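Colleague: The following block contains the structure, expressed as structure tokens.
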Amino acid sequence: MAGMTTQAQTALVADDHELFGAALAAILERDLGFKEVIGTRSFDEAFAALTQAPHIAFATFDMAMPGTAERLADIRDAFPALRIAVVSASVSRDDRVRALACGVDGYVPKQLGMAELKAALRAIADGIVFMPTLPDDDAEPAEDGDGSAPVTGGLALPPRQREVLRLLADGRSNKEIARRLNLAEGTVKLHLAGLFRKLGVRDRAEAAEAAARLAD
């Protein structure tokens with residue numbers, strides 16, 4: 001899977017927390033290799049920067065900034081090729097589902113350790129959908145002691161993600177999967193994002209191919 005050539009790319013950080021925004025910019029430049037990082041402190045400032053600099057390839061947004069949660073979908077519509085990461089202090093399921101519904105490429109909790117934060121941003125820059133697996137994602141009885149069971153090839157998935165992957169491989173739509181498993185469609189999207197990250201794929205077709213390989 002080919003990632004973007006960050007050495008010749010520009011990134012944008014939209015975060016109204018000055019110190020955290022500066023830390024993100026440093027990570028994008030020093031660790032991910034972006035040539036330039038534009039820092040902004042509000043949604044309007046970020047939108048203006050993207051409009052004035054169409055060469056920006058990667059952007060992070062803090063959904064806690066006023067107006068961001070309501071207008072993040074506008075960014076996706078206006079800049080379809082832009083890779084977007086939400087970097088947020090919130091780890092609530094509702095916020096993650098809302099971000100996915102806006103079409104972002106990943107959701108990164110600010111509580112992650114430095115190494116995990118860098119890895120998450122790098123994955124999103126490389127075109128992999130990143131979504132953290134959090135304790136409330138699979139509130140089901142544990143299997144084999146920890147709630148995960150091997151598929152094949154050493155990959156372990158929580159029970160619900162295994163069911164979602166099986167139905168996806170069968171060609172079921174998100175709506176059909178939600179109906180079969182008695183889940184909200186937004187929850188299905190959340191599980192799919194986690195699967196894409198674990199499988200190292202970018203879309204449903206690649207996930208289905210990976211599932212077929214794992215079943216061999």
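Ligands are numbered from 1 in the order shown, chains are lettered A, B, ... in the order of the structure tokens, and residues start at 1 in each chain.
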May I have all residues of chain A that DSSP, computed from the backbone, assigns to strand (DSSP E or B), given as a ChimeraX atom specification?
Modeller: /A:10-14,36-40,56-61,83-88,106-109,130,149-150,156-157
Colleague: Restrict the selected residues to C-alpha atoms and save them as a PDB file, in the first residue's frame.
Modeller:
```pdb
ATOM      1  CA  THR A  10       1.794  20.382   3.414  1.00  0.00           C
ATOM      2  CA  ALA A  11      -0.328  19.563   6.455  1.00  0.00           C
ATOM      3  CA  LEU A  12      -2.712  21.628   8.559  1.00  0.00           C
ATOM      4  CA  VAL A  13      -3.415  21.483  12.296  1.00  0.00           C
ATOM      5  CA  ALA A  14      -6.673  22.972  13.600  1.00  0.00           C
ATOM      6  CA  GLU A  36       5.284  22.399   6.019  1.00  0.00           C
ATOM      7  CA  VAL A  37       2.580  22.476   8.707  1.00  0.00           C
ATOM      8  CA  ILE A  38       0.081  25.340   8.897  1.00  0.00           C
ATOM      9  CA  GLY A  39      -1.285  25.929  12.397  1.00  0.00           C
ATOM     10  CA  THR A  40      -4.791  27.335  12.927  1.00  0.00           C
ATOM     11  CA  ILE A  56      -2.647  20.849   1.698  1.00  0.00           C
ATOM     12  CA  ALA A  57      -2.834  17.042   1.756  1.00  0.00           C
ATOM     13  CA  PHE A  58      -3.476  16.193   5.423  1.00  0.00           C
ATOM     14  CA  ALA A  59      -5.384  17.966   8.197  1.00  0.00           C
ATOM     15  CA  THR A  60      -6.158  17.368  11.858  1.00  0.00           C
ATOM     16  CA  PHE A  61      -9.199  18.845  13.584  1.00  0.00           C
ATOM     17  CA  ARG A  83      -6.978  13.175   4.428  1.00  0.00           C
ATOM     18  CA  ILE A  84      -8.682  14.227   7.636  1.00  0.00           C
ATOM     19  CA  ALA A  85      -7.904  13.105  11.181  1.00  0.00           C
ATOM     20  CA  VAL A  86      -9.986  14.119  14.174  1.00  0.00           C
ATOM     21  CA  VAL A  87      -7.694  14.450  17.200  1.00  0.00           C
ATOM     22  CA  SER A  88      -9.922  14.799  20.223  1.00  0.00           C
ATOM     23  CA  GLY A 106      -9.523   8.519  11.366  1.00  0.00           C
ATOM     24  CA  TYR A 107     -10.261   9.390  14.988  1.00  0.00           C
ATOM     25  CA  VAL A 108      -7.303   9.787  17.342  1.00  0.00           C
ATOM     26  CA  PRO A 109      -7.823  10.252  21.106  1.00  0.00           C
ATOM     27  CA  PHE A 130      -7.841   4.534  12.045  1.00  0.00           C
ATOM     28  CA  ALA A 149     -10.768 -15.150  19.434  1.00  0.00           C
ATOM     29  CA  PRO A 150      -8.383 -15.948  16.622  1.00  0.00           C
ATOM     30  CA  ALA A 156      -7.596 -11.808  16.863  1.00  0.00           C
ATOM     31  CA  LEU A 157     -10.883  -9.907  16.711  1.00  0.00           C
TER      32      LEU A 157
END
```
Colleague: For stretch 42-51 of chain A, find every residue with an atom within 7 Å (counting only C-alpha atoms), except residues of its own chain fewer than 4 positions away, and show them as a PyMOL selection string.
Modeller: chain A and resi 14-16+56+65+67-68
Colleague: Taking the chain letters and numbering used in this document, name the residues of stretch 16-142 of chain A that DSSP puts in alpha helix (DSSP H), as an MDAnalysis selection string.
Modeller: chainID A and resid 18:26 43:52 68:78 93:101 114:125
Colleague: Between A:Leu183, A:Ala207, A:Val97, A:Val188, which one has atoms that come closest to A:Gly171, using only C-alpha atoms?
Modeller: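 Closest candidate: A:Ala207.
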Colleague: Measuring atom to atom with only C-alpha atoms, identify which of A:Ala25, A:Leu82, A:Val129, A:Leu121 is nearest to A:Phe196.
Modeller: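 Under the stated criterion, the closest residue is A:Val129.
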Colleague: Just the number, please: distance in Å from atom CA of A:Arg213 to atom CA of A:Lys175, one decimal.
Modeller: 24.7 Å
Colleague: Check the smallest atom-to-atom distance from each of A:Ala208, A:Ala81, A:Ala193, A:Ala101 to A:Ile128 using only C-alpha atoms, then report the winner.
Modeller: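 Smallest separation from A:Ile128 among the options: A:Ala193.
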Colleague: Closest to A:Gly103 among A:Ala115, A:Leu181, A:Leu190, A:Leu32, using only C-alpha atoms?
Modeller: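 Closest to A:Gly103, using only C-alpha atoms: A:Leu190.
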Colleague: Pick out the residues sitting within 12 Å of A:Leu165, and hand them over as a PyMOL selection string; count only C-alpha atoms, and ignore anything fewer than 6 positions along from it in its own chain.
Modeller: chain A and resi 151+157-159+171-174+177+181+188-189+191-196+198-199+204-212+214-215
Colleague: For C-alpha atoms, I'd like the residues from the last selection saved as an mmCIF file, in the first residue's frame.
Modeller:
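Okay, result_28.cif is ready:
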```cif
data_model
loop_
_atom_site.group_PDB
_atom_site.id
_atom_site.type_symbol
_atom_site.label_atom_id
_atom_site.label_comp_id
_atom_site.auth_asym_id
_atom_site.auth_seq_id
_atom_site.Cartn_x
_atom_site.Cartn_y
_atom_site.Cartn_z
ATOM 1 C CA VAL A 151 -9.641 -15.772 13.053
ATOM 2 C CA LEU A 157 -10.883 -9.907 16.711
ATOM 3 C CA PRO A 158 -13.589 -9.210 19.297
ATOM 4 C CA PRO A 159 -16.771 -11.254 18.764
ATOM 5 C CA GLY A 171 -21.567 -8.814 0.494
ATOM 6 C CA ARG A 172 -23.982 -7.348 3.040
ATOM 7 C CA SER A 173 -24.481 -3.567 3.162
ATOM 8 C CA ASN A 174 -24.075 -1.568 6.377
ATOM 9 C CA ILE A 177 -25.393 -5.818 8.810
ATOM 10 C CA LEU A 181 -26.900 -7.879 14.342
ATOM 11 C CA VAL A 188 -21.550 -0.815 12.247
ATOM 12 C CA LYS A 189 -19.457 1.977 10.704
ATOM 13 C CA HIS A 191 -16.727 -1.544 13.840
ATOM 14 C CA LEU A 192 -15.784 -1.366 10.157
ATOM 15 C CA ALA A 193 -13.324 1.426 10.869
ATOM 16 C CA GLY A 194 -11.696 -0.713 13.546
ATOM 17 C CA LEU A 195 -11.551 -3.658 11.144
ATOM 18 C CA PHE A 196 -9.985 -1.563 8.386
ATOM 19 C CA LYS A 198 -6.549 -3.987 12.102
ATOM 20 C CA LEU A 199 -6.519 -5.505 8.618
ATOM 21 C CA ARG A 204 -14.817 -2.615 2.028
ATOM 22 C CA ALA A 205 -13.485 -4.399 -1.052
ATOM 23 C CA GLU A 206 -9.997 -4.763 0.437
ATOM 24 C CA ALA A 207 -11.519 -5.885 3.759
ATOM 25 C CA ALA A 208 -13.553 -8.573 1.991
ATOM 26 C CA GLU A 209 -10.430 -9.787 0.174
ATOM 27 C CA ALA A 210 -8.513 -9.884 3.459
ATOM 28 C CA ALA A 211 -11.344 -11.854 5.082
ATOM 29 C CA ALA A 212 -11.246 -14.385 2.249
ATOM 30 C CA LEU A 214 -7.817 -15.274 6.401
ATOM 31 C CA ALA A 215 -10.492 -17.931 5.882
#
```
Colleague: List the spatial neighbours of A:Asp94 as a list in words - criterion: any atom at most 12 Å away, only C-alpha atoms, same-chain residues fewer than 2 positions off excluded.
Modeller: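 Near A:Asp94, the qualifying residues are Ala69, Ser90, Val91, Ser92, Arg96, Val97, Arg98, Ala99, Leu100, Ala101, Asp136, Asp137, Ala184, Gly186, Thr187, Lys189 and Leu190 of chain A.
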Colleague: For atom CA of A:Ala73 and atom CA of A:Asn182, determine how far apart the two atoms are, in Å to one decimal place.
Modeller: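 Here the two named atoms are 26.9 Å from each other.
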Colleague: Tell me, in Å to one decimal, how far atom CA of A:Ala178 is from atom CA of A:Gly200.
Modeller: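 Going from atom CA of A:Ala178 over to atom CA of A:Gly200 covers 23.0 Å.
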